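Colleague: Below are the structure tokens for one structure; questions will follow.
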Amino acid sequence: MRLRNVKGATNIIEQSNYVIKDYREYKGKYKTIFNNNNPIHIEIGMGKGNFIIGMAKMYPDINFIGIEKYDSVMVRAIEKLDVDIPNLKLIRMDAQEIEEVFFKEIDTIYLNFSDPWPKNRHEHRRLTSEAFLKRYDNVFKNTKHIIMKTDNRKLFEFSIISLTNYGYQIKEISLDMYNDDIKNNVQTEYEKKFHDKGMPIYKIEVFK
Ligand SMILES: C[S@@+](CC[C@H](N)C(=O)[O-])C[C@H]1O[C@@H](n2cnc3c(N)ncnc32)[C@H](O)[C@@H]1O
């Protein structure tokens, strides 16, 4: 994602009620933030937030947390939040520290159009690398459940191998999502861009 320094981004994030600032303090207690026992789904690398905001509006009985590494990107999501969405929160953090943040409380992880990190020496930075799958282990409550969408064929192939080698089973897979059933699909910003260009969108849903 192209990063521009957005003026005042840090301030906007500080002041937003959607953003959990002391996020490490809620480890194992995230349900207290939402004040209910509903499932919690997270999106890692939510970018400008279209997906997580759309999902929270579509599924009011699921709690959603969007995670993003950069202030300048997260602020674009905050700007979209015009109505009150009680089942949505955001965290500005690097997912590398995810084990310090959640403990046995997440039901689903969404990985949408994650950075592909094409160089072999950067494999460990891919969000479906073994390094990250290990970090997710103790984050999940019971069944581990990951849903991924991407335009990047190489990242998709890598992810299928990485996930299945790690013991995940494939529930659904599509090599061209828009030619399959896309009922209730919420588009991400990147998805819209690539789909509008006529590129196939790959999707995989796995569990363990
Ligand atoms: C290519 S963009 C996709 C954004 C959005 N999911 C979409 O589909 O439009 C990837 C996003 O993931 C974020 N990201 C990458 N690695 C991350 C990490 N380790 N932790 C949190 N966010 C990360 C980037 O800052 C960027 O906003």
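Labels for the structure tokens follow display order: chains A, B, ..., residues from 1 in each chain, ligands from 1.
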Mind checking which residues fall within 10 Å of range 155-162 of chain A, counting only C-alpha atoms, ignoring those fewer than 2 positions away in the same chain, and posting them as a PyMOL selection string?

Modeller: chain A and resi 113-118+123+126-130+133+148-153+164-170+173+175+201-206

Colleague: Those residues with C-alpha atoms, as an mmCIF file, in the first residue's frame please?

Modeller:
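Output file again32.cif is given in full below:
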data_model
loop_
_atom_site.group_PDB
_atom_site.id
_atom_site.type_symbol
_atom_site.label_atom_id
_atom_site.label_comp_id
_atom_site.auth_asym_id
_atom_site.auth_seq_id
_atom_site.Cartn_x
_atom_site.Cartn_y
_atom_site.Cartn_z
ATOM 1 C CA PHE A 113 -4.975 -8.929 -0.292
ATOM 2 C CA SER A 114 -2.071 -9.290 2.097
ATOM 3 C CA ASP A 115 1.326 -7.966 1.045
ATOM 4 C CA PRO A 116 2.878 -10.758 -1.086
ATOM 5 C CA TRP A 117 6.540 -10.288 -0.053
ATOM 6 C CA PRO A 118 7.754 -12.018 -3.272
ATOM 7 C CA GLU A 123 8.848 -15.457 3.255
ATOM 8 C CA ARG A 126 3.884 -13.261 4.613
ATOM 9 C CA LEU A 127 0.797 -13.465 6.800
ATOM 10 C CA THR A 128 0.291 -17.136 5.836
ATOM 11 C CA SER A 129 3.912 -18.176 6.504
ATOM 12 C CA GLU A 130 4.575 -20.803 9.153
ATOM 13 C CA LEU A 133 0.510 -19.471 11.562
ATOM 14 C CA MET A 148 -8.151 -15.378 2.632
ATOM 15 C CA LYS A 149 -8.737 -13.442 -0.595
ATOM 16 C CA THR A 150 -6.003 -12.302 -2.971
ATOM 17 C CA ASP A 151 -5.267 -11.304 -6.551
ATOM 18 C CA ASN A 152 -1.737 -12.708 -6.258
ATOM 19 C CA ARG A 153 -1.448 -16.211 -7.709
ATOM 20 C CA THR A 164 -2.154 -27.439 4.558
ATOM 21 C CA ASN A 165 1.402 -28.319 5.685
ATOM 22 C CA TYR A 166 0.490 -26.727 9.010
ATOM 23 C CA GLY A 167 -2.549 -29.018 9.330
ATOM 24 C CA TYR A 168 -5.333 -26.743 8.104
ATOM 25 C CA GLN A 169 -8.085 -28.395 6.062
ATOM 26 C CA ILE A 170 -9.646 -26.694 3.080
ATOM 27 C CA ILE A 173 -11.454 -22.780 -2.507
ATOM 28 C CA LEU A 175 -9.652 -19.728 -8.421
ATOM 29 C CA ILE A 201 -9.783 -13.061 -7.346
ATOM 30 C CA TYR A 202 -8.631 -16.165 -5.451
ATOM 31 C CA LYS A 203 -10.275 -17.224 -2.221
ATOM 32 C CA ILE A 204 -9.595 -19.956 0.313
ATOM 33 C CA GLU A 205 -11.325 -20.841 3.574
ATOM 34 C CA VAL A 206 -9.564 -23.263 5.941
#

Colleague: Taking only C-alpha atoms and all ligand atoms into account, which residues are within 6 Å of ligand 1, as a PyMOL selection string?

Modeller: chain A and resi 1+44-47+67-70+73+93-96+112-115+188-191

Colleague: Would you compute the distance between CA of Asp137 in chain A and CA of Thr32 in chain A? Give it in Å to one decimal.

Modeller: 21.7 Å

Colleague: Could you tell me how far CA of Tyr110 in chain A sits from CA of His41 in chain A, in Å to one decimal place?

Modeller: 7.6 Å

Colleague: Hey, what does DSSP flag as strand (DSSP E) within range 4-205 of chain A? Can you give it to me as a ChimeraX atom specification?

Modeller: /A:40-44,63-68,88-92,108-112,145-150,169-174,202-205

Colleague: Could you list, as a list of chain:residue names, every residue within 8 Å of range 10-17 of chain A, counting only C-alpha atoms and ignoring same-chain residues fewer than 5 positions away?

Modeller: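 Returned residues: A:Asp71, A:Met74, A:Val75, A:Ile78.
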
Colleague: For Gly8 in chain A, which residue among A:Asn37, A:Ser72, A:Ser174, A:Asn185 is the nearest when counting only C-alpha atoms?

Modeller: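 Selected residue with least distance to Gly8 in chain A: A:Ser72.
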
Colleague: Taking only chain A into account, list the residues labelled alpha helix (DSSP H) by DSSP (computed from the backbone), as a PDB file with N, CA and C atoms, in the first residue's frame.

Modeller:
ATOM      1  N   ALA A   9      -2.832  12.426  11.399  1.00  0.00           N
ATOM      2  CA  ALA A   9      -3.321  11.034  11.515  1.00  0.00           C
ATOM      3  C   ALA A   9      -3.217  10.531  12.958  1.00  0.00           C
ATOM      4  N   THR A  10      -2.089  10.789  13.602  1.00  0.00           N
ATOM      5  CA  THR A  10      -1.889  10.278  14.964  1.00  0.00           C
ATOM      6  C   THR A  10      -2.951  10.842  15.892  1.00  0.00           C
ATOM      7  N   ASN A  11      -3.244  12.121  15.727  1.00  0.00           N
ATOM      8  CA  ASN A  11      -4.266  12.774  16.559  1.00  0.00           C
ATOM      9  C   ASN A  11      -5.650  12.189  16.344  1.00  0.00           C
ATOM     10  N   ILE A  12      -5.988  11.980  15.084  1.00  0.00           N
ATOM     11  CA  ILE A  12      -7.319  11.438  14.732  1.00  0.00           C
ATOM     12  C   ILE A  12      -7.465  10.044  15.342  1.00  0.00           C
ATOM     13  N   ILE A  13      -6.400   9.258  15.270  1.00  0.00           N
ATOM     14  CA  ILE A  13      -6.437   7.899  15.819  1.00  0.00           C
ATOM     15  C   ILE A  13      -6.582   7.960  17.344  1.00  0.00           C
ATOM     16  N   GLU A  14      -5.819   8.840  17.963  1.00  0.00           N
ATOM     17  CA  GLU A  14      -5.869   9.010  19.429  1.00  0.00           C
ATOM     18  C   GLU A  14      -7.288   9.328  19.896  1.00  0.00           C
ATOM     19  N   GLN A  15      -7.981  10.146  19.109  1.00  0.00           N
ATOM     20  CA  GLN A  15      -9.295  10.628  19.539  1.00  0.00           C
ATOM     21  C   GLN A  15     -10.466   9.728  19.147  1.00  0.00           C
ATOM     22  N   LYS A  31     -13.892  -9.763  25.098  1.00  0.00           N
ATOM     23  CA  LYS A  31     -15.364  -9.722  25.134  1.00  0.00           C
ATOM     24  C   LYS A  31     -15.861  -8.586  26.037  1.00  0.00           C
ATOM     25  N   THR A  32     -15.030  -8.178  27.003  1.00  0.00           N
ATOM     26  CA  THR A  32     -15.457  -7.088  27.900  1.00  0.00           C
ATOM     27  C   THR A  32     -15.544  -5.755  27.146  1.00  0.00           C
ATOM     28  N   ILE A  33     -14.801  -5.645  26.079  1.00  0.00           N
ATOM     29  CA  ILE A  33     -14.860  -4.418  25.270  1.00  0.00           C
ATOM     30  C   ILE A  33     -16.213  -4.301  24.576  1.00  0.00           C
ATOM     31  N   PHE A  34     -16.719  -5.455  24.127  1.00  0.00           N
ATOM     32  CA  PHE A  34     -17.997  -5.449  23.402  1.00  0.00           C
ATOM     33  C   PHE A  34     -19.178  -5.690  24.339  1.00  0.00           C
ATOM     34  N   ASN A  50     -12.787  -0.819   4.202  1.00  0.00           N
ATOM     35  CA  ASN A  50     -14.090  -1.099   3.585  1.00  0.00           C
ATOM     36  C   ASN A  50     -14.674  -2.441   4.006  1.00  0.00           C
ATOM     37  N   PHE A  51     -13.827  -3.471   4.039  1.00  0.00           N
ATOM     38  CA  PHE A  51     -14.286  -4.831   4.353  1.00  0.00           C
ATOM     39  C   PHE A  51     -14.781  -4.923   5.791  1.00  0.00           C
ATOM     40  N   ILE A  52     -13.951  -4.511   6.738  1.00  0.00           N
ATOM     41  CA  ILE A  52     -14.300  -4.721   8.146  1.00  0.00           C
ATOM     42  C   ILE A  52     -15.527  -3.883   8.543  1.00  0.00           C
ATOM     43  N   ILE A  53     -15.618  -2.684   7.972  1.00  0.00           N
ATOM     44  CA  ILE A  53     -16.781  -1.827   8.262  1.00  0.00           C
ATOM     45  C   ILE A  53     -18.044  -2.451   7.647  1.00  0.00           C
ATOM     46  N   GLY A  54     -17.921  -2.919   6.408  1.00  0.00           N
ATOM     47  CA  GLY A  54     -19.061  -3.555   5.726  1.00  0.00           C
ATOM     48  C   GLY A  54     -19.512  -4.810   6.443  1.00  0.00           C
ATOM     49  N   MET A  55     -18.550  -5.620   6.896  1.00  0.00           N
ATOM     50  CA  MET A  55     -18.875  -6.865   7.606  1.00  0.00           C
ATOM     51  C   MET A  55     -19.574  -6.547   8.933  1.00  0.00           C
ATOM     52  N   ALA A  56     -19.073  -5.559   9.649  1.00  0.00           N
ATOM     53  CA  ALA A  56     -19.667  -5.206  10.956  1.00  0.00           C
ATOM     54  C   ALA A  56     -21.116  -4.739  10.771  1.00  0.00           C
ATOM     55  N   LYS A  57     -21.369  -4.028   9.695  1.00  0.00           N
ATOM     56  CA  LYS A  57     -22.748  -3.571   9.435  1.00  0.00           C
ATOM     57  C   LYS A  57     -23.637  -4.748   9.024  1.00  0.00           C
ATOM     58  N   MET A  58     -23.072  -5.693   8.266  1.00  0.00           N
ATOM     59  CA  MET A  58     -23.862  -6.825   7.751  1.00  0.00           C
ATOM     60  C   MET A  58     -24.150  -7.863   8.843  1.00  0.00           C
ATOM     61  N   ASP A  71      -0.578   4.269  10.706  1.00  0.00           N
ATOM     62  CA  ASP A  71      -1.487   5.386  11.023  1.00  0.00           C
ATOM     63  C   ASP A  71      -2.119   5.967   9.761  1.00  0.00           C
ATOM     64  N   SER A  72      -1.250   6.217   8.765  1.00  0.00           N
ATOM     65  CA  SER A  72      -1.697   6.930   7.563  1.00  0.00           C
ATOM     66  C   SER A  72      -2.756   6.147   6.793  1.00  0.00           C
ATOM     67  N   VAL A  73      -2.808   4.836   6.989  1.00  0.00           N
ATOM     68  CA  VAL A  73      -3.815   4.009   6.317  1.00  0.00           C
ATOM     69  C   VAL A  73      -5.056   3.903   7.209  1.00  0.00           C
ATOM     70  N   MET A  74      -4.822   3.656   8.503  1.00  0.00           N
ATOM     71  CA  MET A  74      -5.949   3.486   9.428  1.00  0.00           C
ATOM     72  C   MET A  74      -6.842   4.728   9.470  1.00  0.00           C
ATOM     73  N   VAL A  75      -6.231   5.877   9.349  1.00  0.00           N
ATOM     74  CA  VAL A  75      -7.001   7.107   9.427  1.00  0.00           C
ATOM     75  C   VAL A  75      -8.056   7.174   8.312  1.00  0.00           C
ATOM     76  N   ARG A  76      -7.755   6.571   7.180  1.00  0.00           N
ATOM     77  CA  ARG A  76      -8.722   6.546   6.070  1.00  0.00           C
ATOM     78  C   ARG A  76      -9.951   5.713   6.430  1.00  0.00           C
ATOM     79  N   ALA A  77      -9.747   4.682   7.239  1.00  0.00           N
ATOM     80  CA  ALA A  77     -10.888   3.867   7.698  1.00  0.00           C
ATOM     81  C   ALA A  77     -11.726   4.678   8.689  1.00  0.00           C
ATOM     82  N   ILE A  78     -11.051   5.369   9.597  1.00  0.00           N
ATOM     83  CA  ILE A  78     -11.775   6.152  10.617  1.00  0.00           C
ATOM     84  C   ILE A  78     -12.644   7.208   9.936  1.00  0.00           C
ATOM     85  N   GLU A  79     -12.124   7.798   8.873  1.00  0.00           N
ATOM     86  CA  GLU A  79     -12.885   8.836   8.155  1.00  0.00           C
ATOM     87  C   GLU A  79     -14.187   8.297   7.563  1.00  0.00           C
ATOM     88  N   GLU A 130       4.612 -19.996   7.929  1.00  0.00           N
ATOM     89  CA  GLU A 130       4.575 -20.803   9.153  1.00  0.00           C
ATOM     90  C   GLU A 130       4.810 -19.915  10.387  1.00  0.00           C
ATOM     91  N   ALA A 131       5.687 -18.923  10.220  1.00  0.00           N
ATOM     92  CA  ALA A 131       5.992 -18.017  11.343  1.00  0.00           C
ATOM     93  C   ALA A 131       4.717 -17.356  11.864  1.00  0.00           C
ATOM     94  N   PHE A 132       3.844 -16.909  10.943  1.00  0.00           N
ATOM     95  CA  PHE A 132       2.600 -16.272  11.381  1.00  0.00           C
ATOM     96  C   PHE A 132       1.568 -17.307  11.844  1.00  0.00           C
ATOM     97  N   LEU A 133       1.499 -18.458  11.155  1.00  0.00           N
ATOM     98  CA  LEU A 133       0.510 -19.471  11.562  1.00  0.00           C
ATOM     99  C   LEU A 133       0.765 -19.900  13.008  1.00  0.00           C
ATOM    100  N   LYS A 134       2.037 -19.982  13.388  1.00  0.00           N
ATOM    101  CA  LYS A 134       2.373 -20.319  14.784  1.00  0.00           C
ATOM    102  C   LYS A 134       1.851 -19.243  15.729  1.00  0.00           C
ATOM    103  N   ARG A 135       2.018 -17.987  15.321  1.00  0.00           N
ATOM    104  CA  ARG A 135       1.542 -16.880  16.174  1.00  0.00           C
ATOM    105  C   ARG A 135       0.023 -16.934  16.353  1.00  0.00           C
ATOM    106  N   TYR A 136      -0.698 -17.398  15.323  1.00  0.00           N
ATOM    107  CA  TYR A 136      -2.166 -17.423  15.401  1.00  0.00           C
ATOM    108  C   TYR A 136      -2.679 -18.523  16.338  1.00  0.00           C
ATOM    109  N   ASP A 137      -1.868 -19.574  16.574  1.00  0.00           N
ATOM    110  CA  ASP A 137      -2.345 -20.754  17.303  1.00  0.00           C
ATOM    111  C   ASP A 137      -3.088 -20.421  18.601  1.00  0.00           C
ATOM    112  N   ARG A 153      -1.466 -14.760  -7.501  1.00  0.00           N
ATOM    113  CA  ARG A 153      -1.448 -16.211  -7.709  1.00  0.00           C
ATOM    114  C   ARG A 153      -0.318 -16.879  -6.922  1.00  0.00           C
ATOM    115  N   LYS A 154       0.855 -16.243  -6.919  1.00  0.00           N
ATOM    116  CA  LYS A 154       2.000 -16.864  -6.226  1.00  0.00           C
ATOM    117  C   LYS A 154       1.763 -16.904  -4.725  1.00  0.00           C
ATOM    118  N   LEU A 155       1.230 -15.821  -4.178  1.00  0.00           N
ATOM    119  CA  LEU A 155       0.939 -15.807  -2.747  1.00  0.00           C
ATOM    120  C   LEU A 155      -0.140 -16.840  -2.426  1.00  0.00           C
ATOM    121  N   PHE A 156      -1.109 -16.979  -3.338  1.00  0.00           N
ATOM    122  CA  PHE A 156      -2.190 -17.940  -3.130  1.00  0.00           C
ATOM    123  C   PHE A 156      -1.641 -19.364  -3.091  1.00  0.00           C
ATOM    124  N   GLU A 157      -0.775 -19.690  -4.068  1.00  0.00           N
ATOM    125  CA  GLU A 157      -0.189 -21.041  -4.118  1.00  0.00           C
ATOM    126  C   GLU A 157       0.653 -21.300  -2.862  1.00  0.00           C
ATOM    127  N   PHE A 158       1.450 -20.299  -2.507  1.00  0.00           N
ATOM    128  CA  PHE A 158       2.276 -20.426  -1.298  1.00  0.00           C
ATOM    129  C   PHE A 158       1.387 -20.694  -0.076  1.00  0.00           C
ATOM    130  N   SER A 159       0.288 -19.963   0.006  1.00  0.00           N
ATOM    131  CA  SER A 159      -0.590 -20.049   1.176  1.00  0.00           C
ATOM    132  C   SER A 159      -1.269 -21.410   1.279  1.00  0.00           C
ATOM    133  N   ILE A 160      -1.701 -21.950   0.130  1.00  0.00           N
ATOM    134  CA  ILE A 160      -2.338 -23.277   0.141  1.00  0.00           C
ATOM    135  C   ILE A 160      -1.367 -24.296   0.728  1.00  0.00           C
ATOM    136  N   ILE A 161      -0.122 -24.247   0.268  1.00  0.00           N
ATOM    137  CA  ILE A 161       0.894 -25.208   0.733  1.00  0.00           C
ATOM    138  C   ILE A 161       1.196 -24.980   2.213  1.00  0.00           C
ATOM    139  N   SER A 162       1.409 -23.717   2.565  1.00  0.00           N
ATOM    140  CA  SER A 162       1.774 -23.392   3.943  1.00  0.00           C
ATOM    141  C   SER A 162       0.655 -23.803   4.927  1.00  0.00           C
ATOM    142  N   LEU A 163      -0.584 -23.463   4.571  1.00  0.00           N
ATOM    143  CA  LEU A 163      -1.722 -23.763   5.456  1.00  0.00           C
ATOM    144  C   LEU A 163      -1.933 -25.276   5.599  1.00  0.00           C
ATOM    145  N   THR A 164      -1.884 -25.994   4.474  1.00  0.00           N
ATOM    146  CA  THR A 164      -2.154 -27.439   4.558  1.00  0.00           C
ATOM    147  C   THR A 164      -0.986 -28.168   5.233  1.00  0.00           C
ATOM    148  N   ASN A 165       0.253 -27.721   4.975  1.00  0.00           N
ATOM    149  CA  ASN A 165       1.402 -28.319   5.685  1.00  0.00           C
ATOM    150  C   ASN A 165       1.277 -28.125   7.189  1.00  0.00           C
ATOM    151  N   GLU A 189     -10.940  -2.602  -0.691  1.00  0.00           N
ATOM    152  CA  GLU A 189     -10.494  -1.582  -1.648  1.00  0.00           C
ATOM    153  C   GLU A 189      -9.643  -2.223  -2.762  1.00  0.00           C
ATOM    154  N   TYR A 190      -8.702  -3.088  -2.380  1.00  0.00           N
ATOM    155  CA  TYR A 190      -7.846  -3.728  -3.375  1.00  0.00           C
ATOM    156  C   TYR A 190      -8.648  -4.655  -4.275  1.00  0.00           C
ATOM    157  N   GLU A 191      -9.579  -5.361  -3.679  1.00  0.00           N
ATOM    158  CA  GLU A 191     -10.416  -6.289  -4.451  1.00  0.00           C
ATOM    159  C   GLU A 191     -11.158  -5.535  -5.555  1.00  0.00           C
ATOM    160  N   LYS A 192     -11.724  -4.389  -5.212  1.00  0.00           N
ATOM    161  CA  LYS A 192     -12.477  -3.609  -6.194  1.00  0.00           C
ATOM    162  C   LYS A 192     -11.559  -3.210  -7.350  1.00  0.00           C
ATOM    163  N   LYS A 193     -10.361  -2.736  -6.965  1.00  0.00           N
ATOM    164  CA  LYS A 193      -9.402  -2.287  -7.982  1.00  0.00           C
ATOM    165  C   LYS A 193      -9.051  -3.433  -8.952  1.00  0.00           C
ATOM    166  N   PHE A 194      -8.734  -4.602  -8.405  1.00  0.00           N
ATOM    167  CA  PHE A 194      -8.293  -5.706  -9.263  1.00  0.00           C
ATOM    168  C   PHE A 194      -9.465  -6.313 -10.035  1.00  0.00           C
ATOM    169  N   HIS A 195     -10.600  -6.421  -9.391  1.00  0.00           N
ATOM    170  CA  HIS A 195     -11.772  -6.982 -10.074  1.00  0.00           C
ATOM    171  C   HIS A 195     -12.212  -6.061 -11.219  1.00  0.00           C
ATOM    172  N   ASP A 196     -12.185  -4.754 -10.975  1.00  0.00           N
ATOM    173  CA  ASP A 196     -12.562  -3.797 -12.024  1.00  0.00           C
ATOM    174  C   ASP A 196     -11.630  -3.899 -13.237  1.00  0.00           C
TER     175      ASP A 196
END

Colleague: Give me the residues near Asn138 in chain A as a short mmCIF file (atom, residue, chain, number, x, y, z; two decimals) with all heavy atoms, in the first residue's frame, where near means some atom within 12 Å (using only C-alpha atoms) and where sequence neighbours in that chain fewer than 6 positions away do not count.

Modeller:
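That gives us result34.cif:
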data_model
loop_
_atom_site.label_atom_id
_atom_site.label_comp_id
_atom_site.auth_asym_id
_atom_site.auth_seq_id
_atom_site.Cartn_x
_atom_site.Cartn_y
_atom_site.Cartn_z
N LYS A 27 -5.81 -8.54 26.64
CA LYS A 27 -5.48 -9.91 26.25
C LYS A 27 -6.32 -10.92 27.03
O LYS A 27 -6.33 -10.88 28.28
CB LYS A 27 -3.99 -10.17 26.49
CG LYS A 27 -3.52 -11.51 26.00
CD LYS A 27 -2.02 -11.66 26.15
CE LYS A 27 -1.60 -13.06 25.76
NZ LYS A 27 -0.18 -13.28 25.93
N GLY A 28 -7.06 -11.76 26.33
CA GLY A 28 -7.91 -12.75 26.97
C GLY A 28 -9.24 -12.19 27.47
O GLY A 28 -10.07 -12.93 28.01
N ILE A 98 0.87 -10.22 17.59
CA ILE A 98 -0.51 -10.65 17.84
C ILE A 98 -0.64 -11.56 19.07
O ILE A 98 -1.67 -11.53 19.78
CB ILE A 98 -1.10 -11.31 16.57
CG1 ILE A 98 -2.63 -11.35 16.66
CG2 ILE A 98 -0.51 -12.69 16.30
CD1 ILE A 98 -3.32 -11.57 15.34
N GLU A 99 0.40 -12.35 19.36
CA GLU A 99 0.34 -13.25 20.53
C GLU A 99 0.31 -12.48 21.84
O GLU A 99 -0.11 -13.02 22.87
CB GLU A 99 1.57 -14.16 20.56
CG GLU A 99 1.58 -15.22 19.50
CD GLU A 99 2.96 -15.86 19.44
OE1 GLU A 99 3.92 -15.15 19.10
OE2 GLU A 99 3.06 -17.06 19.75
N GLU A 100 0.80 -11.24 21.81
CA GLU A 100 0.79 -10.42 23.03
C GLU A 100 -0.55 -9.73 23.22
O GLU A 100 -0.77 -9.02 24.20
CB GLU A 100 1.87 -9.31 22.97
CG GLU A 100 3.23 -9.74 22.49
CD GLU A 100 3.76 -10.89 23.30
OE1 GLU A 100 3.56 -10.89 24.53
OE2 GLU A 100 4.33 -11.82 22.69
N VAL A 101 -1.44 -9.88 22.25
CA VAL A 101 -2.67 -9.07 22.23
C VAL A 101 -3.93 -9.91 22.47
O VAL A 101 -4.83 -9.49 23.20
CB VAL A 101 -2.76 -8.30 20.90
CG1 VAL A 101 -4.02 -7.46 20.83
CG2 VAL A 101 -1.52 -7.42 20.69
N PHE A 102 -3.99 -11.09 21.85
CA PHE A 102 -5.18 -11.94 22.01
C PHE A 102 -4.78 -13.28 22.59
O PHE A 102 -3.70 -13.80 22.32
CB PHE A 102 -5.84 -12.20 20.65
CG PHE A 102 -6.26 -10.96 19.91
CD1 PHE A 102 -5.60 -10.55 18.77
CD2 PHE A 102 -7.33 -10.19 20.36
CE1 PHE A 102 -5.98 -9.41 18.09
CE2 PHE A 102 -7.73 -9.05 19.69
CZ PHE A 102 -7.05 -8.65 18.54
N PHE A 103 -5.69 -13.87 23.39
CA PHE A 103 -5.44 -15.21 23.92
C PHE A 103 -6.73 -16.01 23.93
O PHE A 103 -7.67 -15.68 24.66
CB PHE A 103 -4.85 -15.13 25.34
CG PHE A 103 -4.50 -16.48 25.90
CD1 PHE A 103 -3.45 -17.22 25.36
CD2 PHE A 103 -5.22 -17.03 26.96
CE1 PHE A 103 -3.13 -18.48 25.86
CE2 PHE A 103 -4.91 -18.29 27.47
CZ PHE A 103 -3.85 -19.01 26.92
N LYS A 104 -6.80 -17.03 23.09
CA LYS A 104 -7.93 -17.96 23.02
C LYS A 104 -9.29 -17.24 23.00
O LYS A 104 -10.17 -17.53 23.81
CB LYS A 104 -7.87 -18.97 24.17
CG LYS A 104 -6.62 -19.85 24.11
CD LYS A 104 -6.77 -21.11 24.93
CE LYS A 104 -5.51 -21.94 24.99
NZ LYS A 104 -4.99 -22.40 23.72
N GLU A 105 -9.45 -16.30 22.07
CA GLU A 105 -10.70 -15.54 22.04
C GLU A 105 -11.16 -15.17 20.64
O GLU A 105 -12.21 -14.56 20.48
CB GLU A 105 -10.57 -14.27 22.89
CG GLU A 105 -9.38 -13.39 22.55
CD GLU A 105 -9.04 -12.43 23.69
OE1 GLU A 105 -9.95 -11.97 24.39
OE2 GLU A 105 -7.83 -12.14 23.86
N ILE A 106 -10.40 -15.56 19.63
CA ILE A 106 -10.75 -15.18 18.26
C ILE A 106 -11.33 -16.39 17.52
O ILE A 106 -10.82 -17.49 17.60
CB ILE A 106 -9.50 -14.63 17.52
CG1 ILE A 106 -8.93 -13.42 18.26
CG2 ILE A 106 -9.81 -14.31 16.06
CD1 ILE A 106 -9.90 -12.27 18.48
N ASP A 107 -12.42 -16.13 16.78
CA ASP A 107 -13.08 -17.22 16.04
C ASP A 107 -12.61 -17.31 14.58
O ASP A 107 -12.51 -18.40 14.03
CB ASP A 107 -14.60 -17.03 16.07
CG ASP A 107 -15.13 -17.21 17.49
OD1 ASP A 107 -15.10 -16.23 18.27
OD2 ASP A 107 -15.50 -18.33 17.84
N PHE A 132 3.84 -16.91 10.94
CA PHE A 132 2.60 -16.27 11.38
C PHE A 132 1.57 -17.31 11.84
O PHE A 132 0.86 -17.08 12.83
CB PHE A 132 2.02 -15.38 10.27
CG PHE A 132 2.53 -13.96 10.38
CD1 PHE A 132 3.61 -13.54 9.63
CD2 PHE A 132 1.95 -13.06 11.26
CE1 PHE A 132 4.10 -12.25 9.75
CE2 PHE A 132 2.43 -11.76 11.40
CZ PHE A 132 3.52 -11.35 10.63
N LYS A 144 -9.67 -23.27 14.66
CA LYS A 144 -8.93 -22.22 13.97
C LYS A 144 -9.53 -22.04 12.59
O LYS A 144 -9.70 -23.01 11.85
CB LYS A 144 -7.45 -22.60 13.88
CG LYS A 144 -6.83 -22.84 15.24
CD LYS A 144 -5.42 -23.39 15.13
CE LYS A 144 -4.77 -23.57 16.48
NZ LYS A 144 -5.44 -24.52 17.37
#
